[in-house]
Amino acid sequence: MHSAKLEKRRMEAVLGRHGVRLSKRFGQNFLTDAGVLQRIVDAAQIEKDDFVLEIGPGMGSLTRLLSKSAARVLAIEIDERLMPVLEEELADCFNIELVQGDVMKLDLSKLISKDNEGRTIRIVANLPYYITTPILMKILEGDLNWSRITVMVQRVVAERMIAEPGSKAYGALSLSVAYRAKPEVAFFLPPEAFFPPPKVESAVVSMQRFEQPPVAVEDENLLFLLIRAAFNQRRKTLVNALYNGANLSLSKEEIENSVFEAGFTTNIRGEKLSLADFVRLADVFSN
Ligand code: SAM
């Protein structure tokens, strides 16, 4: 029998022994094929001195491979029922720290700085699909000093991550990625590669962080705020989207004047603006 099928059976037996039924709510679609897991690790370009943060270790299949390539692995899992499973499955791996918690609520910089010893940080995950974009935005907008992110995401999210201005997939995620890193799609995977299969196709995207953002901005937080507001109401004009959603404490006329000063017509939509355009706009607003 194919080894992925055998592994699925083994995993089912382990879960059964622990009385755990996989939860849709937590996006628990696990990988069973050793070849696929290795391709993720290869895409992550891990070196032996690296520190890896894994989000959502599940039953630890990817975690085990990561621990062989990296110096240390910190794995954050929300589902407390999986903690005894992970401890059992990874009992022979001595460079892994398991943390039970919600990655959206944890202070990642604080968590990592306590035992990172200045190592290069790589983030690797087969992300839970119900919360993919918020997790990516938290990391891209946050202050964690990562050097590469390699993640399994839905194919449509991968398309958003690499989208160009004006295209249908272009949005806040495309811009946050473009500000921080160069993304590449490493490979695609059909639903059947997972247990249980998700409803959608998947892709692995790997992003190498820029040493400096490609365009310098005076106020990074303001840049992210404007981007989010512009795409929260993407059918509205940029002026209306910012007036309704950016909490800038400015009148509509003041926003119109700033949009005009940044070089745009006042009826332009956010989806037409490139990263450099949003930076120009943010710099006008900061002044
Ligand atoms: N890494 C495993 C694999 O590749 O087989 C499991 C990946 S599964 C797609 C996603 C994992 O993320 C699940 O184990 C799920 O419980 C966990 N998870 C879901 N939401 C989370 C959150 N907010 N914080 C941390 N882990 C989360």
# chains A, B, ... in the order shown; residues from 1 in each chain; ligands from 1
>>> residues_near_ligand(ligand="ligand 1", cutoff="8 Å", atoms="only C-alpha atoms and all ligand atoms", output="PyMOL selection string")
chain A and resi 23+25-32+37+54-63+76-79+82+100-105+125-131+135+194
>>> write_last_selection(atoms="N, CA, C and O atoms", output="compact mmCIF listing (two decimals), in the first residue's frame")
# COMPACT_ATOMS: atom_id res chain seq x y z
N SER A 23 -11.14 18.45 14.03
CA SER A 23 -12.14 19.52 14.08
C SER A 23 -12.05 20.40 12.84
O SER A 23 -10.97 20.90 12.49
N ARG A 25 -13.58 23.21 12.66
CA ARG A 25 -13.51 24.56 13.20
C ARG A 25 -12.06 25.07 13.26
O ARG A 25 -11.79 26.24 13.06
N PHE A 26 -11.13 24.17 13.55
CA PHE A 26 -9.72 24.58 13.64
C PHE A 26 -8.96 24.35 12.33
O PHE A 26 -7.74 24.43 12.31
N GLY A 27 -9.65 24.01 11.27
CA GLY A 27 -8.97 23.83 9.97
C GLY A 27 -7.99 22.67 10.00
O GLY A 27 -6.90 22.76 9.45
N GLN A 28 -8.41 21.57 10.63
CA GLN A 28 -7.47 20.45 10.78
C GLN A 28 -7.48 19.52 9.57
O GLN A 28 -8.20 18.53 9.52
N ASN A 29 -6.66 19.86 8.58
CA ASN A 29 -6.46 19.02 7.41
C ASN A 29 -4.97 18.67 7.39
O ASN A 29 -4.13 19.52 7.12
N PHE A 30 -4.67 17.42 7.71
CA PHE A 30 -3.29 17.04 7.96
C PHE A 30 -2.63 16.44 6.72
O PHE A 30 -3.30 15.84 5.87
N LEU A 31 -1.33 16.59 6.66
CA LEU A 31 -0.56 16.01 5.55
C LEU A 31 -0.05 14.64 5.96
O LEU A 31 0.39 14.45 7.10
N THR A 32 -0.10 13.71 5.02
CA THR A 32 0.31 12.34 5.34
C THR A 32 1.47 11.86 4.47
O THR A 32 2.08 10.86 4.77
N LEU A 37 5.71 16.67 2.60
CA LEU A 37 6.28 17.34 3.78
C LEU A 37 7.72 17.77 3.49
O LEU A 37 8.12 18.89 3.82
N GLU A 54 6.73 27.15 13.89
CA GLU A 54 5.69 26.46 13.15
C GLU A 54 4.33 26.81 13.75
O GLU A 54 4.14 26.72 14.96
N ILE A 55 3.39 27.18 12.90
CA ILE A 55 2.03 27.49 13.36
C ILE A 55 1.15 26.29 13.04
O ILE A 55 1.06 25.87 11.89
N GLY A 56 0.53 25.74 14.07
CA GLY A 56 -0.39 24.62 13.87
C GLY A 56 0.31 23.31 13.55
O GLY A 56 0.17 22.78 12.45
N PRO A 57 1.05 22.72 14.50
CA PRO A 57 1.75 21.46 14.23
C PRO A 57 0.83 20.26 14.04
O PRO A 57 1.27 19.24 13.49
N GLY A 58 -0.42 20.36 14.50
CA GLY A 58 -1.35 19.23 14.30
C GLY A 58 -0.87 18.00 15.06
O GLY A 58 -0.84 17.98 16.29
N MET A 59 -0.46 16.96 14.31
CA MET A 59 0.09 15.76 14.96
C MET A 59 1.61 15.73 14.86
O MET A 59 2.23 14.72 15.22
N GLY A 60 2.21 16.79 14.34
CA GLY A 60 3.66 16.91 14.39
C GLY A 60 4.42 16.32 13.20
O GLY A 60 5.65 16.19 13.27
N SER A 61 3.73 16.01 12.11
CA SER A 61 4.44 15.40 10.97
C SER A 61 5.48 16.35 10.37
O SER A 61 6.61 15.96 10.09
N LEU A 62 5.06 17.62 10.18
CA LEU A 62 5.99 18.61 9.63
C LEU A 62 7.02 19.01 10.70
O LEU A 62 8.21 19.17 10.40
N THR A 63 6.56 19.12 11.93
CA THR A 63 7.41 19.51 13.06
C THR A 63 8.63 18.59 13.17
O THR A 63 9.76 19.04 13.36
N ILE A 76 3.34 26.23 17.77
CA ILE A 76 2.17 26.76 18.50
C ILE A 76 0.90 26.08 18.00
O ILE A 76 0.57 26.20 16.81
N GLU A 77 0.22 25.39 18.89
CA GLU A 77 -0.99 24.65 18.52
C GLU A 77 -2.16 25.09 19.40
O GLU A 77 -2.05 25.07 20.63
N ILE A 78 -3.27 25.42 18.77
CA ILE A 78 -4.42 25.93 19.53
C ILE A 78 -5.19 24.82 20.25
O ILE A 78 -5.78 25.03 21.31
N ASP A 79 -5.19 23.61 19.67
CA ASP A 79 -6.08 22.55 20.14
C ASP A 79 -5.43 21.77 21.29
O ASP A 79 -4.53 20.96 21.06
N LEU A 82 -4.66 18.08 21.20
CA LEU A 82 -3.54 17.54 20.43
C LEU A 82 -2.21 17.58 21.20
O LEU A 82 -1.22 17.00 20.74
N GLN A 100 0.86 25.62 23.73
CA GLN A 100 -0.57 25.54 23.44
C GLN A 100 -1.14 26.95 23.49
O GLN A 100 -0.98 27.65 24.50
N GLY A 101 -1.74 27.40 22.38
CA GLY A 101 -2.31 28.74 22.37
C GLY A 101 -2.75 29.14 20.98
O GLY A 101 -2.53 28.42 20.01
N ASP A 102 -3.38 30.31 20.94
CA ASP A 102 -3.89 30.86 19.68
C ASP A 102 -2.83 31.81 19.12
O ASP A 102 -2.51 32.82 19.76
N VAL A 103 -2.32 31.51 17.94
CA VAL A 103 -1.25 32.32 17.36
C VAL A 103 -1.68 33.78 17.20
O VAL A 103 -0.86 34.70 17.25
N MET A 104 -2.99 34.02 17.06
CA MET A 104 -3.48 35.39 16.89
C MET A 104 -3.39 36.18 18.19
O MET A 104 -3.36 37.40 18.18
N LYS A 105 -3.36 35.47 19.32
CA LYS A 105 -3.38 36.18 20.60
C LYS A 105 -2.00 36.26 21.25
O LYS A 105 -1.79 37.03 22.17
N ALA A 125 4.54 26.71 7.94
CA ALA A 125 3.24 26.23 8.41
C ALA A 125 2.38 25.69 7.28
O ALA A 125 2.43 26.20 6.16
N ASN A 126 1.64 24.66 7.61
CA ASN A 126 0.49 24.26 6.81
C ASN A 126 -0.67 24.95 7.53
O ASN A 126 -1.17 24.45 8.53
N LEU A 127 -1.01 26.16 7.07
CA LEU A 127 -1.89 27.04 7.85
C LEU A 127 -3.33 26.53 7.91
O LEU A 127 -3.81 25.91 6.96
N PRO A 128 -4.01 26.81 9.05
CA PRO A 128 -5.45 26.53 9.10
C PRO A 128 -6.17 27.51 8.18
O PRO A 128 -5.98 28.72 8.30
N TYR A 129 -6.99 26.99 7.26
CA TYR A 129 -7.53 27.85 6.19
C TYR A 129 -8.60 28.83 6.67
O TYR A 129 -8.85 29.83 6.02
N TYR A 130 -9.22 28.58 7.84
CA TYR A 130 -10.28 29.51 8.28
C TYR A 130 -9.70 30.85 8.72
O TYR A 130 -10.44 31.82 8.89
N ILE A 131 -8.38 30.89 8.88
CA ILE A 131 -7.79 32.10 9.47
C ILE A 131 -6.45 32.46 8.79
O ILE A 131 -5.64 33.20 9.33
N ILE A 135 -3.66 35.55 9.96
CA ILE A 135 -2.35 35.13 10.48
C ILE A 135 -1.23 35.77 9.65
O ILE A 135 -0.28 36.34 10.19
N PHE A 194 -4.53 15.73 1.51
CA PHE A 194 -4.72 15.96 2.94
C PHE A 194 -5.70 14.94 3.53
O PHE A 194 -6.52 14.38 2.82
>>> residues_around(residues="A:Glu201", least_positions_apart="5", cutoff="12 Å", atoms="only C-alpha atoms", output="list in words")
Tyr129, Met152, Val153, Gln154, Arg155, Val156, Val157, Ala158, Glu159, Phe187, Phe188, Leu189, Pro190, Pro191, Glu192, Ala193 and Phe194 of chain A
>>> write_last_selection(atoms="C-alpha atoms", output="PDB file, in the first residue's frame")
ATOM      1  CA  TYR A 129      -7.532  27.846   6.193  1.00  0.00           C
ATOM      2  CA  MET A 152       0.615  26.108   2.690  1.00  0.00           C
ATOM      3  CA  VAL A 153      -2.452  28.191   1.846  1.00  0.00           C
ATOM      4  CA  GLN A 154      -5.554  27.897  -0.330  1.00  0.00           C
ATOM      5  CA  ARG A 155      -4.690  28.416  -3.997  1.00  0.00           C
ATOM      6  CA  VAL A 156      -6.851  31.588  -4.115  1.00  0.00           C
ATOM      7  CA  VAL A 157      -4.880  33.052  -1.221  1.00  0.00           C
ATOM      8  CA  ALA A 158      -1.606  32.225  -3.013  1.00  0.00           C
ATOM      9  CA  GLU A 159      -2.979  34.130  -6.016  1.00  0.00           C
ATOM     10  CA  PHE A 187       4.036  24.014  -5.792  1.00  0.00           C
ATOM     11  CA  PHE A 188       0.301  23.255  -5.877  1.00  0.00           C
ATOM     12  CA  LEU A 189      -1.523  20.395  -4.167  1.00  0.00           C
ATOM     13  CA  PRO A 190      -4.938  18.825  -4.779  1.00  0.00           C
ATOM     14  CA  PRO A 191      -7.403  18.292  -1.872  1.00  0.00           C
ATOM     15  CA  GLU A 192      -6.689  14.538  -1.810  1.00  0.00           C
ATOM     16  CA  ALA A 193      -3.178  15.208  -0.494  1.00  0.00           C
ATOM     17  CA  PHE A 194      -4.724  15.962   2.938  1.00  0.00           C
TER      18      PHE A 194
END
>>> select_by_dssp(residues="stretch 17-230 of chain A", states="alpha helix (DSSP H)", output="PyMOL selection string")
chain A and resi 17+34-44+61-69+83-89+108-113+132-141+155-161+172-180+220-230
>>> select_by_dssp(residues="stretch 25-209 of chain A", states="strand (DSSP E)", output="short mmCIF file (atom, residue, chain, number, x, y, z; two decimals) with N, CA and C atoms, in the first residue's frame")
data_model
loop_
_atom_site.label_atom_id
_atom_site.label_comp_id
_atom_site.auth_asym_id
_atom_site.auth_seq_id
_atom_site.Cartn_x
_atom_site.Cartn_y
_atom_site.Cartn_z
N PHE A 30 -4.67 17.42 7.71
CA PHE A 30 -3.29 17.04 7.96
C PHE A 30 -2.63 16.44 6.72
N LEU A 31 -1.33 16.59 6.66
CA LEU A 31 -0.56 16.01 5.55
C LEU A 31 -0.05 14.64 5.96
N PHE A 51 16.21 29.06 13.59
CA PHE A 51 15.11 28.91 14.54
C PHE A 51 13.84 28.88 13.71
N VAL A 52 13.03 27.85 13.89
CA VAL A 52 11.80 27.76 13.10
C VAL A 52 10.58 27.93 14.00
N LEU A 53 9.67 28.79 13.57
CA LEU A 53 8.37 28.91 14.21
C LEU A 53 7.37 28.17 13.32
N GLU A 54 6.73 27.15 13.89
CA GLU A 54 5.69 26.46 13.15
C GLU A 54 4.33 26.81 13.75
N ILE A 55 3.39 27.18 12.90
CA ILE A 55 2.03 27.49 13.36
C ILE A 55 1.15 26.29 13.04
N ARG A 72 16.42 24.88 16.39
CA ARG A 72 15.30 24.84 17.34
C ARG A 72 13.97 25.04 16.60
N VAL A 73 12.94 24.45 17.14
CA VAL A 73 11.59 24.63 16.58
C VAL A 73 10.65 25.01 17.72
N LEU A 74 9.89 26.08 17.49
CA LEU A 74 8.82 26.44 18.42
C LEU A 74 7.52 26.21 17.66
N ALA A 75 6.66 25.35 18.21
CA ALA A 75 5.42 25.02 17.51
C ALA A 75 4.23 25.43 18.37
N ILE A 76 3.34 26.23 17.77
CA ILE A 76 2.17 26.76 18.50
C ILE A 76 0.90 26.08 18.00
N GLU A 77 0.22 25.39 18.89
CA GLU A 77 -0.99 24.65 18.52
C GLU A 77 -2.16 25.09 19.40
N ILE A 96 12.53 20.74 20.19
CA ILE A 96 11.20 21.30 19.90
C ILE A 96 10.56 21.82 21.18
N GLU A 97 10.02 23.04 21.11
CA GLU A 97 9.20 23.52 22.23
C GLU A 97 7.76 23.63 21.73
N LEU A 98 6.85 23.00 22.47
CA LEU A 98 5.44 23.04 22.09
C LEU A 98 4.73 24.05 22.97
N VAL A 99 3.96 24.93 22.34
CA VAL A 99 3.18 25.91 23.10
C VAL A 99 1.71 25.75 22.72
N GLN A 100 0.86 25.62 23.73
CA GLN A 100 -0.57 25.54 23.44
C GLN A 100 -1.14 26.95 23.49
N ILE A 121 15.22 33.60 11.95
CA ILE A 121 13.88 33.03 12.20
C ILE A 121 13.18 32.71 10.88
N ARG A 122 12.77 31.48 10.76
CA ARG A 122 11.95 31.10 9.59
C ARG A 122 10.60 30.63 10.10
N ILE A 123 9.58 31.02 9.38
CA ILE A 123 8.22 30.60 9.75
C ILE A 123 7.77 29.57 8.71
N VAL A 124 7.31 28.44 9.21
CA VAL A 124 6.86 27.37 8.31
C VAL A 124 5.52 26.87 8.83
N ALA A 125 4.54 26.71 7.94
CA ALA A 125 3.24 26.23 8.41
C ALA A 125 2.38 25.69 7.28
N ASN A 126 1.64 24.66 7.61
CA ASN A 126 0.49 24.26 6.81
C ASN A 126 -0.67 24.95 7.53
N TRP A 146 11.57 37.90 11.17
CA TRP A 146 11.70 36.66 10.38
C TRP A 146 12.49 36.93 9.09
N SER A 147 13.08 35.86 8.53
CA SER A 147 13.80 36.05 7.27
C SER A 147 13.11 35.35 6.09
N ARG A 148 12.35 34.30 6.39
CA ARG A 148 11.59 33.64 5.31
C ARG A 148 10.32 33.03 5.89
N ILE A 149 9.24 33.15 5.13
CA ILE A 149 7.98 32.51 5.51
C ILE A 149 7.63 31.50 4.42
N THR A 150 7.33 30.29 4.82
CA THR A 150 6.91 29.27 3.84
C THR A 150 5.62 28.66 4.34
N VAL A 151 4.54 28.87 3.58
CA VAL A 151 3.23 28.45 4.08
C VAL A 151 2.39 27.74 3.02
N MET A 152 1.66 26.73 3.50
CA MET A 152 0.61 26.11 2.69
C MET A 152 -0.65 26.93 2.89
N VAL A 153 -1.23 27.39 1.79
CA VAL A 153 -2.45 28.19 1.85
C VAL A 153 -3.41 27.71 0.76
N GLN A 154 -4.65 28.21 0.78
CA GLN A 154 -5.55 27.90 -0.33
C GLN A 154 -4.96 28.51 -1.59
N ALA A 181 8.34 41.31 1.25
CA ALA A 181 9.05 40.13 0.76
C ALA A 181 8.79 39.85 -0.71
N LYS A 182 9.62 38.93 -1.22
CA LYS A 182 9.43 38.48 -2.60
C LYS A 182 8.79 37.10 -2.53
N PRO A 183 7.51 36.98 -2.94
CA PRO A 183 6.83 35.68 -2.82
C PRO A 183 6.99 34.82 -4.07
N GLU A 184 7.10 33.52 -3.87
CA GLU A 184 7.12 32.58 -5.00
C GLU A 184 6.24 31.39 -4.67
N VAL A 185 5.49 30.93 -5.66
CA VAL A 185 4.71 29.72 -5.44
C VAL A 185 5.63 28.53 -5.68
N ALA A 186 5.81 27.71 -4.66
CA ALA A 186 6.72 26.56 -4.78
C ALA A 186 6.03 25.40 -5.50
N PHE A 187 4.79 25.07 -5.10
CA PHE A 187 4.04 24.01 -5.79
C PHE A 187 2.57 24.05 -5.37
N PHE A 188 1.75 23.35 -6.16
CA PHE A 188 0.30 23.26 -5.88
C PHE A 188 -0.01 21.85 -5.39
N LEU A 189 -1.11 21.72 -4.64
CA LEU A 189 -1.52 20.39 -4.17
C LEU A 189 -3.04 20.23 -4.29
N PHE A 194 -4.53 15.73 1.51
CA PHE A 194 -4.72 15.96 2.94
C PHE A 194 -5.70 14.94 3.53
N PHE A 195 -5.62 14.82 4.86
CA PHE A 195 -6.56 13.96 5.56
C PHE A 195 -7.16 14.75 6.72
N SER A 202 -4.73 23.70 -2.91
CA SER A 202 -3.76 24.37 -2.05
C SER A 202 -2.48 24.73 -2.81
N ALA A 203 -1.71 25.61 -2.20
CA ALA A 203 -0.41 25.97 -2.79
C ALA A 203 0.56 26.29 -1.67
N VAL A 204 1.83 26.01 -1.91
CA VAL A 204 2.86 26.42 -0.96
C VAL A 204 3.53 27.68 -1.50
N VAL A 205 3.53 28.73 -0.68
CA VAL A 205 4.18 29.98 -1.08
C VAL A 205 5.35 30.23 -0.14
N SER A 206 6.49 30.58 -0.72
CA SER A 206 7.66 30.88 0.10
C SER A 206 8.07 32.33 -0.17
N MET A 207 8.33 33.07 0.92
CA MET A 207 8.66 34.50 0.78
C MET A 207 9.97 34.83 1.47
N GLN A 208 10.90 35.34 0.69
CA GLN A 208 12.17 35.80 1.26
C GLN A 208 12.01 37.27 1.63
N ARG A 209 12.29 37.60 2.87
CA ARG A 209 12.09 38.99 3.32
C ARG A 209 13.12 39.93 2.67
#
>>> closest_residue(among="A:Ala216, A:Ala172, A:Val177, A:Leu275", to="A:Ala230", atoms="only C-alpha atoms")
A:Ala172
